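Have a look at protein-v3.txt; it's compact mmCIF, C-alpha atoms:
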```
# COMPACT_ATOMS: atom_id res chain seq x y z
CA MET A 916 0.00 0.00 0.00
CA THR A 917 1.47 3.37 -0.98
CA HIS A 918 -0.11 5.14 1.98
CA PRO A 919 -0.06 2.78 4.90
CA PHE A 920 -1.47 5.49 7.10
CA ARG A 921 -4.70 5.19 5.19
CA PHE A 922 -5.15 1.89 7.01
CA ILE A 923 -4.71 3.52 10.40
CA LEU A 924 -7.07 6.29 9.35
CA CYS A 925 -9.68 3.73 8.37
CA LEU A 926 -9.33 2.06 11.74
CA ALA A 927 -9.70 5.37 13.54
CA VAL A 928 -12.88 6.17 11.59
CA LEU A 929 -14.24 2.72 12.37
CA LEU A 930 -13.54 3.12 16.07
CA ALA A 931 -15.19 6.54 16.08
CA ALA A 932 -18.28 5.06 14.43
CA VAL A 933 -18.44 2.32 17.03
CA THR A 934 -18.17 4.71 19.95
CA THR A 935 -20.95 6.88 18.52
CA GLY A 936 -23.11 3.81 18.21
CA MET A 937 -22.44 2.92 21.82
CA VAL A 938 -24.70 5.72 22.97
CA SER A 939 -27.18 3.23 24.32
CA TYR A 940 -30.88 3.70 23.98
CA ALA A 941 -33.03 3.46 27.08
CA GLY A 942 -34.26 -0.12 27.43
CA GLN A 943 -37.95 -0.19 26.54
CA ASP A 944 -40.18 -2.47 28.52
CA LEU A 945 -40.49 -5.61 26.44
CA GLU A 946 -42.66 -8.63 26.99
CA ARG A 947 -40.19 -11.46 27.60
CA LEU A 948 -40.31 -15.17 28.20
CA ASP A 949 -39.06 -16.16 31.62
CA SER A 950 -36.01 -18.41 31.32
CA TRP A 951 -36.48 -19.88 34.81
CA ALA A 952 -36.62 -23.43 33.43
CA PHE A 953 -32.96 -23.21 32.42
CA GLU A 954 -30.54 -23.94 35.25
CA SER A 955 -28.29 -20.95 34.70
CA PRO A 956 -29.54 -18.79 31.82
CA ARG A 957 -26.75 -17.28 29.72
CA ARG A 958 -28.89 -15.02 27.57
CA PRO A 959 -31.46 -12.34 28.35
CA GLY A 960 -34.96 -13.87 28.22
CA ALA A 961 -36.37 -13.90 24.68
CA VAL A 962 -38.72 -11.11 23.69
CA PHE A 963 -42.13 -12.62 22.97
CA PRO A 964 -45.33 -10.63 22.45
CA HIS A 965 -47.68 -13.51 23.30
CA ASP A 966 -51.00 -11.96 22.32
CA ASP A 967 -49.74 -10.72 18.94
CA HIS A 968 -48.69 -14.30 18.28
CA ILE A 969 -52.17 -15.66 18.94
CA PHE A 970 -53.27 -13.54 16.01
CA LEU A 971 -50.19 -14.55 13.97
CA ALA A 972 -51.05 -18.22 14.57
CA ASP A 973 -54.66 -17.68 13.41
CA ASP A 974 -56.06 -18.17 16.95
CA ASP A 975 -54.79 -21.75 16.96
CA CYS A 976 -53.17 -22.20 20.37
CA SER A 977 -51.97 -25.71 19.43
CA VAL A 978 -49.48 -24.30 16.92
CA CYS A 979 -47.29 -23.77 20.01
CA HIS A 980 -49.11 -25.49 22.89
CA HIS A 981 -49.23 -28.82 21.11
CA VAL A 982 -50.15 -32.32 22.21
CA TYR A 983 -48.44 -35.46 20.91
CA GLU A 984 -49.56 -39.03 21.24
CA ASN A 985 -47.14 -41.83 20.32
CA GLY A 986 -45.02 -39.35 18.44
CA GLU A 987 -47.99 -38.14 16.40
CA LEU A 988 -49.24 -34.56 16.62
CA VAL A 989 -52.86 -34.53 17.83
CA PRO A 990 -54.80 -31.88 15.93
CA ASP A 991 -57.37 -29.73 17.72
CA GLU A 992 -55.90 -30.44 21.15
CA SER A 993 -53.80 -27.96 23.05
CA SER A 994 -51.67 -27.85 26.18
CA GLU A 995 -51.61 -24.22 27.28
CA ASP A 996 -52.08 -25.41 30.87
CA LEU A 997 -48.52 -26.83 30.73
CA TYR A 998 -45.10 -25.26 30.46
CA CYS A 999 -42.93 -26.29 27.52
CA SER A 1000 -40.45 -27.50 30.13
CA ASP A 1001 -43.02 -29.96 31.56
CA CYS A 1002 -42.46 -32.12 28.48
CA HIS A 1003 -39.18 -30.85 27.06
CA SER A 1004 -36.41 -31.49 29.57
CA LEU A 1005 -33.09 -29.67 29.42
CA LYS A 1006 -31.07 -32.66 28.23
CA PRO A 1007 -32.14 -34.95 25.39
CA ALA A 1008 -33.62 -38.23 26.67
CA PRO A 1009 -35.38 -41.22 25.06
CA ASP A 1010 -38.82 -39.81 25.94
CA ASN A 1011 -37.74 -36.32 24.91
CA PRO A 1012 -35.95 -36.09 21.59
CA MET A 1013 -36.22 -32.32 21.59
CA PRO A 1014 -34.38 -30.63 24.50
CA LEU A 1015 -35.93 -27.39 25.77
CA GLU A 1016 -33.53 -24.91 24.20
CA ALA A 1017 -33.74 -26.56 20.77
CA ALA A 1018 -37.54 -26.86 21.13
CA TYR A 1019 -37.90 -23.11 21.61
CA HIS A 1020 -35.45 -22.30 18.86
CA LYS A 1021 -37.07 -24.68 16.41
CA LEU A 1022 -40.61 -23.52 17.13
CA CYS A 1023 -39.87 -19.80 17.08
CA ARG A 1024 -37.14 -19.45 14.47
CA ASP A 1025 -38.51 -21.98 11.98
CA CYS A 1026 -41.85 -20.19 11.85
CA HIS A 1027 -40.09 -16.85 11.31
CA PHE A 1028 -38.06 -18.40 8.50
CA ASP A 1029 -41.16 -20.00 6.98
CA GLN A 1030 -43.20 -16.80 7.16
CA GLY A 1031 -40.27 -14.66 5.99
CA GLU A 1032 -40.98 -12.34 8.91
CA GLY A 1033 -39.94 -12.07 12.54
CA PRO A 1034 -36.57 -12.31 14.31
CA VAL A 1035 -34.11 -15.09 13.37
CA LEU A 1036 -30.74 -13.92 14.77
CA CYS A 1037 -29.73 -14.51 18.40
CA GLY A 1038 -29.82 -10.90 19.53
CA GLU A 1039 -33.15 -10.16 17.86
CA CYS A 1040 -34.90 -12.43 20.36
CA HIS A 1041 -32.40 -12.25 23.25
CA VAL A 1042 -32.46 -8.45 23.26
CA LYS A 1043 -30.08 -6.96 25.84
CA GLU A 1044 -31.87 -5.54 28.86
CA MET B 536 -34.26 -10.74 4.21
CA ASN B 537 -35.11 -13.80 6.32
CA SER B 538 -34.63 -16.10 3.34
CA PHE B 539 -31.24 -14.53 2.66
CA ILE B 540 -30.27 -15.11 6.32
CA ALA B 541 -31.57 -18.68 6.05
CA PHE B 542 -29.24 -19.15 3.08
CA ILE B 543 -26.11 -17.76 4.75
CA MET B 544 -26.84 -19.67 7.97
CA GLY B 545 -27.51 -22.91 6.10
CA PRO B 546 -26.27 -23.89 2.63
CA MET B 547 -23.60 -21.19 2.58
CA VAL B 548 -21.93 -22.67 5.67
CA TRP B 549 -21.67 -26.00 3.85
CA ILE B 550 -20.36 -24.36 0.69
CA SER B 551 -17.71 -22.50 2.69
CA PHE B 552 -16.46 -25.60 4.48
CA ILE B 553 -16.41 -27.62 1.26
CA ILE B 554 -14.31 -24.96 -0.50
CA PHE B 555 -12.06 -24.60 2.57
CA LEU B 556 -11.37 -28.32 3.05
CA GLY B 557 -11.54 -29.22 -0.65
CA GLY B 558 -9.21 -26.37 -1.58
CA LEU B 559 -6.65 -27.40 1.03
CA THR B 560 -6.85 -31.04 -0.11
CA ILE B 561 -6.27 -30.09 -3.75
CA LYS B 562 -3.39 -27.91 -2.65
CA LEU B 563 -1.84 -30.74 -0.62
CA VAL B 564 -2.12 -33.17 -3.54
CA GLY B 565 -0.56 -30.55 -5.84
CA ILE B 566 2.41 -30.03 -3.50
CA LEU B 567 3.01 -33.76 -3.06
CA LYS B 568 2.86 -34.27 -6.84
CA ALA B 569 5.24 -31.38 -7.53
CA VAL B 570 7.75 -32.79 -5.03
CA ARG B 571 7.53 -36.22 -6.67
CA GLN B 572 8.22 -34.68 -10.06
CA LYS B 573 11.01 -32.29 -9.15
CA GLU B 574 12.74 -33.63 -6.05
CA PRO B 575 11.53 -37.17 -5.45
CA TYR B 576 14.54 -38.02 -3.23
CA ILE B 577 12.91 -35.91 -0.48
CA TYR B 578 10.47 -38.78 0.05
CA SER B 579 13.39 -41.07 0.81
CA TYR B 580 14.30 -39.30 4.03
CA VAL B 581 11.09 -37.68 5.32
CA THR B 582 9.98 -39.69 8.35
CA LEU B 583 6.92 -39.36 10.54
CA LYS B 584 9.07 -39.34 13.66
CA HIS B 585 11.25 -36.42 12.59
CA SER B 586 8.28 -34.55 11.14
CA LEU B 587 6.24 -34.77 14.31
CA ARG B 588 9.28 -33.99 16.45
CA SER B 589 9.87 -30.76 14.55
CA ILE B 590 6.17 -29.76 14.51
CA GLY B 591 6.03 -30.52 18.24
CA ALA B 592 9.15 -28.50 19.01
CA TRP B 593 7.77 -25.51 17.15
CA MET B 594 4.52 -25.71 19.09
CA ILE B 595 6.18 -25.36 22.48
CA PRO B 596 6.05 -21.67 23.41
CA PHE B 597 9.45 -19.94 23.17
CA PHE B 598 11.24 -23.20 22.47
CA PRO B 599 12.62 -22.52 18.96
CA ARG B 600 15.69 -20.28 18.93
CA SER B 601 14.18 -17.82 16.46
CA ALA B 602 11.23 -17.39 18.82
CA ARG B 603 13.51 -16.38 21.67
CA MET B 604 15.30 -13.91 19.42
CA SER B 605 12.15 -11.78 18.96
CA PRO B 606 10.08 -12.66 22.01
CA VAL B 607 7.52 -9.85 21.73
CA TYR B 608 6.53 -10.54 18.15
CA TYR B 609 6.68 -14.27 18.68
CA GLY B 610 4.70 -14.18 21.93
CA ILE B 611 1.91 -12.09 20.42
CA SER B 612 1.88 -14.21 17.29
CA TYR B 613 1.70 -17.42 19.33
CA LEU B 614 -1.19 -16.22 21.47
CA PHE B 615 -2.95 -14.85 18.41
CA HIS B 616 -2.86 -18.22 16.65
CA VAL B 617 -4.17 -20.05 19.70
CA LEU B 618 -7.05 -17.57 20.13
CA LEU B 619 -7.85 -17.60 16.42
CA PHE B 620 -8.98 -21.22 16.81
CA LEU B 621 -9.99 -21.27 20.46
CA VAL B 622 -12.47 -18.36 20.45
CA PRO B 623 -14.67 -19.39 17.49
CA LEU B 624 -14.59 -23.10 18.32
CA PHE B 625 -15.50 -22.67 21.98
CA LEU B 626 -17.87 -19.74 21.71
CA ALA B 627 -21.18 -20.54 23.46
CA SER B 628 -23.32 -19.15 20.63
CA HIS B 629 -21.51 -21.19 17.99
CA ILE B 630 -21.94 -24.34 20.07
CA VAL B 631 -25.70 -23.62 20.32
CA LEU B 632 -25.91 -23.59 16.52
CA ILE B 633 -23.75 -26.71 16.11
CA ASN B 634 -25.80 -28.49 18.75
CA GLU B 635 -29.03 -27.71 16.91
CA ALA B 636 -27.57 -28.91 13.60
CA PHE B 637 -25.74 -32.06 14.72
CA GLN B 638 -26.94 -32.78 18.29
CA ILE B 639 -23.35 -32.65 19.53
CA SER B 640 -21.83 -30.16 21.94
CA TRP B 641 -18.80 -29.48 24.08
CA PRO B 642 -17.91 -27.15 26.97
CA ALA B 643 -18.12 -23.48 26.09
CA LEU B 644 -16.03 -20.48 27.07
CA ASN B 645 -17.67 -18.11 29.50
CA ASP B 646 -19.16 -15.24 27.43
CA GLN B 647 -17.30 -12.49 29.32
CA VAL B 648 -14.01 -14.31 28.90
CA ALA B 649 -14.68 -14.83 25.19
CA ASP B 650 -15.48 -11.12 24.92
CA TRP B 651 -12.06 -10.14 26.26
CA LEU B 652 -10.24 -12.76 24.20
CA THR B 653 -11.96 -11.36 21.09
CA LEU B 654 -10.54 -7.95 21.95
CA GLY B 655 -7.18 -9.68 22.31
CA VAL B 656 -7.41 -11.04 18.76
CA ILE B 657 -8.32 -7.61 17.42
CA ALA B 658 -5.44 -6.01 19.35
CA ALA B 659 -2.99 -8.57 17.95
CA LEU B 660 -4.17 -7.84 14.40
CA ILE B 661 -3.69 -4.11 14.96
CA PHE B 662 -0.20 -4.91 16.25
CA PHE B 663 0.56 -6.89 13.07
CA ALA B 664 -0.66 -4.01 10.89
CA VAL B 665 1.34 -1.40 12.80
CA ARG B 666 4.42 -3.62 12.64
CA ARG B 667 4.10 -3.78 8.88
CA VAL B 668 4.09 0.01 8.76
CA MET B 669 6.83 0.62 11.34
CA VAL B 670 9.48 -2.07 10.88
CA PRO B 671 11.46 -1.27 7.70
CA GLU B 672 12.44 -4.88 6.83
CA VAL B 673 8.80 -5.94 7.11
CA LYS B 674 7.47 -2.86 5.37
CA PHE B 675 9.70 -3.63 2.41
CA LEU B 676 8.03 -7.02 2.00
CA THR B 677 4.48 -5.71 2.56
CA GLY B 678 1.94 -5.21 -0.22
CA ALA B 679 -1.61 -3.84 -0.19
CA MET B 680 -2.92 -7.41 -0.05
CA ASP B 681 -1.31 -7.95 3.35
CA TYR B 682 -3.40 -5.16 4.88
CA VAL B 683 -6.53 -6.42 3.13
CA LEU B 684 -5.97 -9.87 4.61
CA ILE B 685 -5.45 -8.43 8.11
CA LEU B 686 -8.73 -6.51 7.78
CA LEU B 687 -10.49 -9.59 6.49
CA VAL B 688 -9.47 -11.67 9.50
CA MET B 689 -10.38 -8.82 11.82
CA LEU B 690 -13.88 -8.43 10.38
CA PRO B 691 -15.54 -11.55 11.86
CA PHE B 692 -14.01 -10.81 15.29
CA LEU B 693 -14.95 -7.12 15.25
CA THR B 694 -18.51 -7.79 14.06
CA GLY B 695 -18.82 -10.70 16.50
CA PHE B 696 -17.82 -8.37 19.33
CA LEU B 697 -20.31 -5.71 18.19
CA ALA B 698 -23.09 -8.28 17.67
CA TYR B 699 -22.64 -9.69 21.16
CA HIS B 700 -23.06 -6.23 22.67
CA GLN B 701 -25.98 -5.31 20.37
CA TRP B 702 -24.85 -1.69 20.23
CA ILE B 703 -25.65 -0.76 16.64
CA ALA B 704 -27.47 -2.09 13.57
CA TYR B 705 -27.66 -5.57 15.08
CA ARG B 706 -29.10 -7.32 12.05
CA TRP B 707 -26.56 -5.86 9.61
CA ILE B 708 -23.60 -6.39 11.89
CA THR B 709 -24.60 -10.03 12.38
CA VAL B 710 -25.11 -10.60 8.65
CA ILE B 711 -21.63 -9.16 7.99
CA HIS B 712 -20.32 -11.34 10.81
CA ILE B 713 -21.65 -14.52 9.21
CA LEU B 714 -20.57 -13.54 5.68
CA SER B 715 -17.06 -12.45 6.68
CA GLY B 716 -16.50 -15.65 8.63
CA GLU B 717 -17.49 -17.65 5.57
CA LEU B 718 -15.32 -15.49 3.31
CA VAL B 719 -12.25 -16.09 5.48
CA LEU B 720 -12.81 -19.85 5.30
CA ILE B 721 -13.23 -19.68 1.53
CA ILE B 722 -10.04 -17.72 0.87
CA ILE B 723 -7.78 -19.80 3.14
CA PRO B 724 -6.68 -22.23 0.39
CA PHE B 725 -6.13 -19.43 -2.15
CA SER B 726 -4.15 -16.97 -0.04
CA ARG B 727 -1.24 -16.64 2.34
CA PHE B 728 -3.51 -18.29 4.91
CA SER B 729 -2.74 -21.61 3.26
CA HIS B 730 0.27 -21.61 5.61
CA MET B 731 -2.28 -23.43 7.77
CA LEU B 732 -1.31 -26.40 5.56
CA THR B 733 2.16 -25.48 4.32
CA ALA B 734 3.65 -24.57 7.71
CA PRO B 735 3.43 -28.12 9.06
CA LEU B 736 4.65 -29.45 5.68
CA THR B 737 7.67 -27.16 5.87
CA ARG B 738 8.39 -28.44 9.38
CA ALA B 739 8.09 -32.04 8.19
CA TYR B 740 10.63 -31.38 5.47
CA MET B 741 13.01 -29.31 7.61
CA GLY B 742 12.68 -31.64 10.59
CA SER B 743 13.59 -34.64 8.46
CA GLU B 744 16.36 -32.89 6.53
CA PHE B 745 18.00 -31.69 9.74
CA GLY B 746 17.04 -34.48 12.10
CA HIS B 747 17.41 -37.48 9.83
CA VAL B 748 20.03 -36.43 7.24
CA ARG B 749 22.21 -33.90 9.04
CA GLN B 750 21.60 -35.19 12.57
CA ALA B 751 20.92 -31.63 13.75
CA LYS B 752 18.09 -29.68 15.32
CA ASP B 753 15.87 -27.42 13.25
CA TRP B 754 14.54 -25.33 16.12
```

Have the structure of the file written as structure tokens, please.
Amino acid sequence: MTHPFRFILCLAVLLAAVTTGMVSYAGQDLERLDSWAFESPRRPGAVFPHDDHIFLADDDCSVCHHVYENGELVPDESSEDLYCSDCHSLKPAPDNPMPLEAAYHKLCRDCHFDQGEGPVLCGECHVKE
Amino acid sequence: MNSFIAFIMGPMVWISFIIFLGGLTIKLVGILKAVRQKEPYIYSYVTLKHSLRSIGAWMIPFFPRSARMSPVYYGISYLFHVLLFLVPLFLASHIVLINEAFQISWPALNDQVADWLTLGVIAALIFFAVRRVMVPEVKFLTGAMDYVLILLVMLPFLTGFLAYHQWIAYRWITVIHILSGELVLIIIPFSRFSHMLTAPLTRAYMGSEFGHVRQAKDW
């Protein structure tokens, strides 16, 4: 490079941009899922506007609060009286092929991918508090 | 946008790893063929024992003589190379993704520790860039591409650091993070970074030439 200082200049500009961006915005009050079921949560609880999602799931509670029998999804039956963690334990087990963390990620993220809308990157759900 | 992210988080990861590993394999075969054509007698004295002994000796911190002659540069470079592999492979978030894809996992670095180590990698890269500007012998051998490559390696670490803290433009920073990580993998076989493969090969050759033929040390 003929002007190596250009590199340093670029770095300086980049750093300046980052510091400006650091001016943090006041944390709005967001409706979050409680991560109590995880032994020692490492991420802020996921943002989840529950009632908006009832509408997004066409009023079908069983899209999320599902019931399975012998590995088969039972249509028209729902389990909103249970926590996800009542059936999905933390570690994979023979009676639970879908550990809790993966269950949440699969349910939430896959629908957002399928619908082409909604958060799909870690920090879009686990928004810093 | 979500379908683009689905692509770079899915198929593009496979494509990157195939180019990375395939490219290095083709390169290895090419080198072995070229040696057979031009200097086949090398095969007669390269041994596994001497190769591994030399690679091992060069992996012990501050063991090779040349390392002790420039301890600052060598020390930073050594730590940098360890962190370059350690941080991405043991980052909690990466393990979450790998676990979801392959149902395998391993112990993760604490997020705060990983955060500081990431800053360490960035600092080391800045040191390498400054060294290229300041040290005349190195500056003489430096081309524009060297700075581009330093920036390219820095990009996934810088954007990873910013993404973790969610300070600005989270979605864009994270997309750049994923893409730059994939780009680095893809260019490894086609750039100076192929020393990932050629450095151990050089040690195998030198270790055998010195250890086996000349009965001397090469460290």

Checklist line | Counting only C-alpha atoms, chain B residues within 7 Å of chain A, as a VMD selection string | finding: chain B and resid 537 to 538 541 635 668 678 to 679 701 to 703

Next item on the list: Select, from B:Trp707, B:Ser726, B:Trp549, B:Tyr580, the residue with the minimum atom-to-atom distance to Arg749 (chain B), counting all atoms listed in the file.
Entry: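 Smallest distance to Arg749 (chain B) is found for B:Tyr580.
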
Check: Quick one: distance from CA of Lys584 (chain B) to CA of Leu563 (chain B) in Å, one decimal?
Finding: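 One can read the CA of Lys584 (chain B) to CA of Leu563 (chain B) distance as 19.9 Å.
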
Next item on the list: Can you work out which one of B:Leu690, B:Leu618, B:Ile713, B:Met741 has the shortest atom-to-atom distance to Trp754 (chain B), counting all atoms listed in the file?
Entry: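 Among B:Leu690, B:Leu618, B:Ile713, B:Met741, it is B:Met741 that comes nearest to Trp754 (chain B).
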
Note to self: Restricting the calculation to all atoms listed in the file: of B:Pro671, B:Val688, B:His585, B:Ala602, which residue gets closest to Gln750 (chain B)?
What the structure shows: B:His585

Next item on the list: Name the closest residue to Phe625 (chain B) among the candidates B:Phe663, B:Tyr699, B:Trp593, B:Trp641; distances are taken between atoms, counting all atoms listed in the file.
Entry: B:Trp641

Margin query: Just to confirm, what's the straight-line distance from CA of Thr694 (chain B) to CA of His712 (chain B) in Å (one decimal)?
Written below: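 Calculated distance between CA of Thr694 (chain B) and CA of His712 (chain B) is 5.1 Å.
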
Edge lengths and centre, in Å to one decimal, as AutoDock Vina command-line options: that's what I need for the box along x, y and z that holds all listed atoms of region 693-705 of chain B plus 5 Å on each side.
```
--center_x -21.3 --center_y -5.7 --center_z 18.1 --size_x 22.7 --size_y 19.9 --size_z 19.1
```

Next item on the list: Please provide the set of residues having any atom within 8 Å of Ser993 (chain A), restricted to all atoms listed in the file, with same-chain residues fewer than 5 positions apart removed, written as a ChimeraX atom specification.
Entry: /A:976-977,980-982

Check: Between A:Leu1015, A:Cys979, A:Leu1022, A:Leu971, which one has atoms that come closest to Ser1000 (chain A), using all atoms listed in the file?
Finding: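 The shortest atom-to-atom distance to Ser1000 (chain A) comes from A:Leu1015.
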
Notebook entry, point to check: What is the distance between CA of Gly655 (chain B) and CA of Leu556 (chain B), in Å to one decimal?
Noted result: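 According to the coordinates, CA of Gly655 (chain B) and CA of Leu556 (chain B) are separated by 27.1 Å.
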
Next item on the list: Take the point (9.6, -28.2, 15.7) as written in the file and pick out every residue within 8 Å of it, counting only C-alpha atoms; give the list as a VMD selection string.
Entry: chain B and resid 586 to 594 599 738 742 753 to 754

Notebook entry, point to check: Got a sec: who's within 7 Å of Pro724 (chain B), counting all atoms listed in the file, leaving out chain neighbours fewer than 2 positions off, as number ranges by chain?
Noted result: B: 555, 558-559, 722, 726, 728-729

Check: Do you know which residues are at most 6 Å from Ala961 (chain A) counting only C-alpha atoms, after dropping those on the same chain fewer than 3 positions away, and could you put them as an MDAnalysis selection string?
Finding: chainID A and resid 947:948 1040:1041

Output the selection as a PDB file, in the coordinates of the input - C-alpha atoms for each residue.
```pdb
ATOM      1  CA  ARG A 947     -40.190 -11.460  27.600  1.00  0.00           C
ATOM      2  CA  LEU A 948     -40.310 -15.170  28.200  1.00  0.00           C
ATOM      3  CA  CYS A1040     -34.900 -12.430  20.360  1.00  0.00           C
ATOM      4  CA  HIS A1041     -32.400 -12.250  23.250  1.00  0.00           C
TER       5      HIS A1041
END
```
